[in-house]
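J.: Pasting data-v6.txt below, which is compact mmCIF, C-alpha atoms.
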```txt
# COMPACT_ATOMS: atom_id res chain seq x y z
CA MET A 1 -106.21 97.03 62.75
CA ILE A 2 -105.50 95.87 66.30
CA GLY A 3 -102.35 93.73 66.40
CA LEU A 4 -101.48 93.64 70.09
CA ILE A 5 -102.99 94.56 73.44
CA ARG A 6 -100.95 95.21 76.56
CA GLY A 7 -103.07 95.75 79.65
CA VAL A 8 -104.39 94.50 82.96
CA LEU A 9 -106.43 91.31 83.12
CA ILE A 10 -109.84 92.12 84.55
CA GLU A 11 -111.58 88.77 84.04
CA LYS A 12 -110.61 85.23 83.02
CA GLN A 13 -113.40 82.87 81.97
CA PRO A 14 -111.92 80.30 79.59
CA PRO A 15 -111.70 80.71 76.68
CA ASP A 16 -112.53 84.43 77.14
CA ILE A 17 -110.71 87.23 78.90
CA LEU A 18 -111.41 90.90 79.57
CA ILE A 19 -108.27 93.01 79.33
CA GLU A 20 -108.22 96.73 80.13
CA THR A 21 -105.91 99.26 78.56
CA GLY A 22 -106.29 103.03 78.43
CA GLY A 23 -109.60 102.85 80.24
CA VAL A 24 -111.13 100.50 77.65
CA GLY A 25 -111.91 96.84 78.32
CA TYR A 26 -111.48 94.42 75.40
CA GLU A 27 -113.18 91.03 75.26
CA VAL A 28 -110.78 88.54 73.71
CA GLN A 29 -111.08 84.81 72.94
CA LEU A 30 -107.95 82.70 73.29
CA PRO A 31 -107.12 79.09 72.45
CA MET A 32 -106.47 77.21 75.67
CA THR A 33 -102.79 76.76 74.78
CA SER A 34 -102.43 80.55 75.14
CA PHE A 35 -104.88 80.83 78.02
CA TYR A 36 -102.69 78.58 80.19
CA GLN A 37 -99.86 81.12 79.92
CA LEU A 38 -101.82 84.09 81.23
CA PRO A 39 -100.88 85.69 84.54
CA GLU A 40 -103.39 86.07 87.37
CA VAL A 41 -106.28 88.55 87.27
CA GLY A 42 -105.03 92.01 88.17
CA GLN A 43 -101.64 91.52 86.53
CA GLU A 44 -100.41 92.85 83.19
CA ALA A 45 -100.50 90.67 80.11
CA VAL A 46 -99.52 91.04 76.46
CA VAL A 47 -101.76 89.39 73.87
CA TYR A 48 -101.18 89.26 70.11
CA ILE A 49 -104.46 89.93 68.33
CA HIS A 50 -106.24 88.76 65.19
CA PHE A 51 -109.12 91.15 64.50
CA VAL A 52 -112.23 89.84 62.71
CA VAL A 53 -114.85 92.28 61.40
CA ARG A 54 -118.30 91.00 60.42
CA GLU A 55 -121.56 92.69 59.60
CA ASP A 56 -122.97 91.77 63.00
CA ALA A 57 -119.84 91.70 65.18
CA GLN A 58 -116.24 92.70 65.72
CA LEU A 59 -114.26 89.86 67.29
CA LEU A 60 -110.83 89.76 68.90
CA PHE A 61 -108.83 86.53 69.04
CA GLY A 62 -105.74 86.53 71.22
CA PHE A 63 -102.51 84.51 71.22
CA ALA A 64 -99.48 84.06 73.42
CA ASP A 65 -97.09 84.65 70.55
CA LYS A 66 -96.85 85.57 66.88
CA SER A 67 -96.23 81.99 65.79
CA GLU A 68 -99.52 80.72 67.16
CA ARG A 69 -101.34 83.66 65.62
CA ALA A 70 -99.68 82.92 62.28
CA LEU A 71 -100.86 79.30 62.48
CA PHE A 72 -104.39 80.49 63.33
CA ARG A 73 -104.37 82.79 60.29
CA GLU A 74 -103.36 79.92 58.03
CA LEU A 75 -106.02 77.66 59.52
CA ILE A 76 -108.88 80.05 58.77
CA LYS A 77 -107.81 80.10 55.12
CA VAL A 78 -108.72 76.43 54.85
CA ASN A 79 -112.12 75.88 53.22
CA GLY A 80 -114.72 75.23 55.90
CA VAL A 81 -112.56 76.39 58.80
CA GLY A 82 -113.67 79.60 60.50
CA PRO A 83 -112.19 81.40 63.53
CA LYS A 84 -114.26 79.39 66.03
CA LEU A 85 -113.15 76.03 64.63
CA ALA A 86 -109.54 77.21 64.38
CA LEU A 87 -109.73 78.21 68.04
CA THR A 88 -111.07 74.76 68.91
CA ILE A 89 -108.26 73.05 66.98
CA LEU A 90 -105.56 75.08 68.75
CA SER A 91 -107.25 74.40 72.10
CA GLY A 92 -107.57 70.67 71.54
CA MET A 93 -103.96 70.12 70.57
CA SER A 94 -100.68 71.99 70.66
CA ALA A 95 -99.15 73.45 67.50
CA ALA A 96 -96.57 70.63 67.58
CA GLN A 97 -99.30 67.98 67.77
CA PHE A 98 -101.22 69.59 64.91
CA ILE A 99 -98.08 69.72 62.77
CA GLN A 100 -97.46 66.05 63.53
CA CYS A 101 -101.01 65.14 62.48
CA VAL A 102 -100.56 66.98 59.18
CA SER A 103 -97.09 65.55 58.56
CA HIS A 104 -98.21 61.96 59.17
CA ASP A 105 -101.65 62.22 57.49
CA ASP A 106 -103.21 61.49 60.88
CA TYR A 107 -106.87 62.08 60.12
CA THR A 108 -107.94 60.11 63.19
CA GLY A 109 -106.30 62.56 65.56
CA LEU A 110 -108.02 65.50 63.89
CA VAL A 111 -111.54 64.08 63.75
CA LYS A 112 -111.51 63.70 67.54
CA LEU A 113 -111.87 67.48 67.73
CA PRO A 114 -115.44 68.84 67.79
CA GLY A 115 -116.50 70.23 64.43
CA VAL A 116 -113.81 68.37 62.51
CA GLY A 117 -115.30 65.66 60.33
CA LYS A 118 -113.50 63.37 57.91
CA LYS A 119 -113.72 65.80 54.97
CA THR A 120 -112.50 68.75 57.05
CA ALA A 121 -109.62 66.64 58.39
CA GLU A 122 -108.63 65.72 54.84
CA ARG A 123 -108.72 69.38 53.76
CA LEU A 124 -106.63 70.37 56.79
CA VAL A 125 -103.95 67.82 55.96
CA ILE A 126 -103.84 68.63 52.25
CA GLU A 127 -104.05 72.43 52.48
CA MET A 128 -101.92 72.94 55.59
CA ARG A 129 -98.96 70.82 54.50
CA ASP A 130 -97.41 73.50 52.26
CA ARG A 131 -98.53 76.33 54.52
CA LEU A 132 -96.75 74.82 57.51
CA LYS A 133 -93.55 74.54 55.47
CA LYS A 134 -93.89 78.21 54.57
CA LEU A 135 -94.35 79.19 58.21
CA ALA A 136 -91.29 77.18 59.18
CA GLU A 137 -89.22 78.90 56.49
CA GLN A 138 -90.35 82.32 57.70
CA GLY A 139 -89.12 81.50 61.18
CA ASP A 140 -91.68 83.74 62.87
CA SER A 141 -90.31 85.07 66.16
CA THR A 142 -91.95 83.97 69.39
CA THR A 143 -92.67 86.25 72.31
CA HIS A 144 -94.32 84.47 75.21
CA LEU A 145 -96.76 85.85 77.69
CA PRO A 146 -95.70 85.77 81.35
CA VAL A 147 -95.79 82.22 82.71
CA MET A 148 -98.75 81.63 84.97
CA PRO A 149 -97.47 81.82 88.56
CA ALA A 150 -97.84 78.90 90.92
CA GLU A 151 -101.00 78.90 92.97
CA THR A 152 -100.82 79.84 96.63
CA ASP A 153 -102.69 77.86 99.26
CA ALA A 154 -105.39 80.52 99.26
CA THR A 155 -106.05 80.40 95.51
CA ALA A 156 -105.91 76.60 95.54
CA ARG A 157 -108.87 76.43 97.92
CA VAL A 158 -111.50 76.76 95.20
CA MET A 159 -114.84 75.02 95.53
CA THR A 160 -114.93 71.83 93.49
CA VAL A 161 -118.29 72.67 91.92
CA ASP A 162 -117.04 76.06 90.68
CA VAL A 163 -113.91 74.55 89.15
CA LYS A 164 -115.91 71.88 87.36
CA GLU A 165 -118.49 74.38 86.13
CA ASP A 166 -115.77 76.67 84.76
CA ALA A 167 -114.13 73.75 82.97
CA LEU A 168 -117.46 72.54 81.58
CA SER A 169 -118.34 76.03 80.30
CA ALA A 170 -114.97 76.30 78.57
CA LEU A 171 -115.25 72.93 76.83
CA VAL A 172 -118.81 73.63 75.69
CA ALA A 173 -117.69 77.02 74.35
CA LEU A 174 -115.01 75.20 72.38
CA GLY A 175 -117.61 72.96 70.75
CA TYR A 176 -117.66 69.83 72.91
CA LYS A 177 -121.04 68.32 73.81
CA PRO A 178 -122.05 68.96 77.45
CA ALA A 179 -122.51 65.26 78.28
CA GLN A 180 -119.14 64.33 76.78
CA ALA A 181 -117.38 67.23 78.50
CA ALA A 182 -118.93 66.47 81.90
CA LYS A 183 -117.95 62.81 81.68
CA VAL A 184 -114.33 63.61 80.84
CA ILE A 185 -114.09 66.33 83.51
CA ASN A 186 -115.30 63.93 86.20
CA SER A 187 -112.85 61.27 85.06
CA VAL A 188 -109.76 63.51 85.22
CA PHE A 189 -110.69 65.72 88.18
CA LYS A 190 -108.23 65.87 91.08
CA GLU A 191 -108.84 67.64 94.37
CA GLY A 192 -107.18 71.05 94.48
CA ALA A 193 -106.87 71.40 90.71
CA SER A 194 -107.56 74.79 89.15
CA SER A 195 -110.04 75.18 86.30
CA GLU A 196 -107.17 75.71 83.83
CA GLU A 197 -105.47 72.50 84.99
CA LEU A 198 -108.73 70.59 84.74
CA ILE A 199 -109.40 71.91 81.23
CA ARG A 200 -105.87 70.99 80.16
CA GLU A 201 -106.22 67.43 81.43
CA ALA A 202 -109.68 67.05 79.91
CA LEU A 203 -108.52 68.21 76.49
CA ARG A 204 -105.43 66.02 76.70
CA SER A 205 -107.52 62.95 77.45
CA MET A 206 -109.69 63.54 74.37
CA ILE A 207 -106.81 63.70 71.88
```
Would you put the structure from the file into structure tokens?
T.:
Amino acid sequence: MIGLIRGVLIEKQPPDILIETGGVGYEVQLPMTSFYQLPEVGQEAVVYIHFVVREDAQLLFGFADKSERALFRELIKVNGVGPKLALTILSGMSAAQFIQCVSHDDYTGLVKLPGVGKKTAERLVIEMRDRLKKLAEQGDSTTHLPVMPAETDATARVMTVDVKEDALSALVALGYKPAQAAKVINSVFKEGASSEELIREALRSMI
């Protein structure tokens, strides 16, 4: 069982990364809340891992800290919620926002996420209420990844089309429809923004 990977970031293509340790490169999918905290390519990162084994694939899901991984593991226990949908939920809203939705029976906030219909939202609220209390009682420790450093003038000079395409690819990978994602990206785009910043603003505007 792989529980943690410490290594050098080789590639970052939201929501996926390639991290190398001991001469082996691991492909890992992260929710955007964790992706935002990654350092630059070429720097060392620590990622907590949830390992999924299927007949046709072995998948690695990464998280900035143990608490977010614990929430992910509780989410995939909910009927109808698999790893991909759990990743979308944690990308579309922060853990605090999700907890607030569950605490206040806010089905509307949940159904805005791709793949979450009314019935799934109802199951999430009902089944996660007690699980969230249990997680809070456990007081799972939090160890953050290095904070993403500020961009230099050189890294900020990224072609607009590339930034938009990266953001669009990330949102589509998370389950959003291409037309919807493109419309939101164009509406929130600001000159000089990185792809991570554009994704963050796009997701925030859809909550």
J.: Pick from A:Ala121, A:Leu110, A:Leu4, A:Ile19: nearest to Phe51 (chain A), with all atoms listed in the file counted?
T.: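 Smallest separation from Phe51 (chain A) among the options: A:Leu4.
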J.: From the set A:Leu60, A:Leu198, A:Leu38, A:Leu174, which residue has the shortest atom-to-atom contact distance to Gly25 (chain A), counting all atoms listed in the file?
T.: A:Leu60
J.: Interatomic distance between CA of Asp130 (chain A) and CA of Phe61 (chain A)?
T.: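 Calculated distance between CA of Asp130 (chain A) and CA of Phe61 (chain A) is 24.1 Å.
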J.: Identify, on the basis of only C-alpha atoms, every residue whose closest approach to Ile126 (chain A) does not exceed 10 Å; exclude the query and any residue fewer than 5 positions from it along the same chain; express the result as a list in words.
T.: Val78, Val102, Ser103, Asp105, Thr120, Ala121 and Arg131 of chain A
J.: Leaving out Ala181 (chain A) and any residue of its chain fewer than 5 positions from it, which residues lie within 8 Å of it when counting only C-alpha atoms, given as number ranges by chain?
T.: A: 168, 171-172, 176, 202
J.: Convert the current residue selection to file output with C-alpha atoms, as a PDB file, in the frame of the given file.
T.:
```
ATOM      1  CA  LEU A 168    -117.460  72.540  81.580  1.00  0.00           C
ATOM      2  CA  LEU A 171    -115.250  72.930  76.830  1.00  0.00           C
ATOM      3  CA  VAL A 172    -118.810  73.630  75.690  1.00  0.00           C
ATOM      4  CA  TYR A 176    -117.660  69.830  72.910  1.00  0.00           C
ATOM      5  CA  ALA A 202    -109.680  67.050  79.910  1.00  0.00           C
TER       6      ALA A 202
END
```
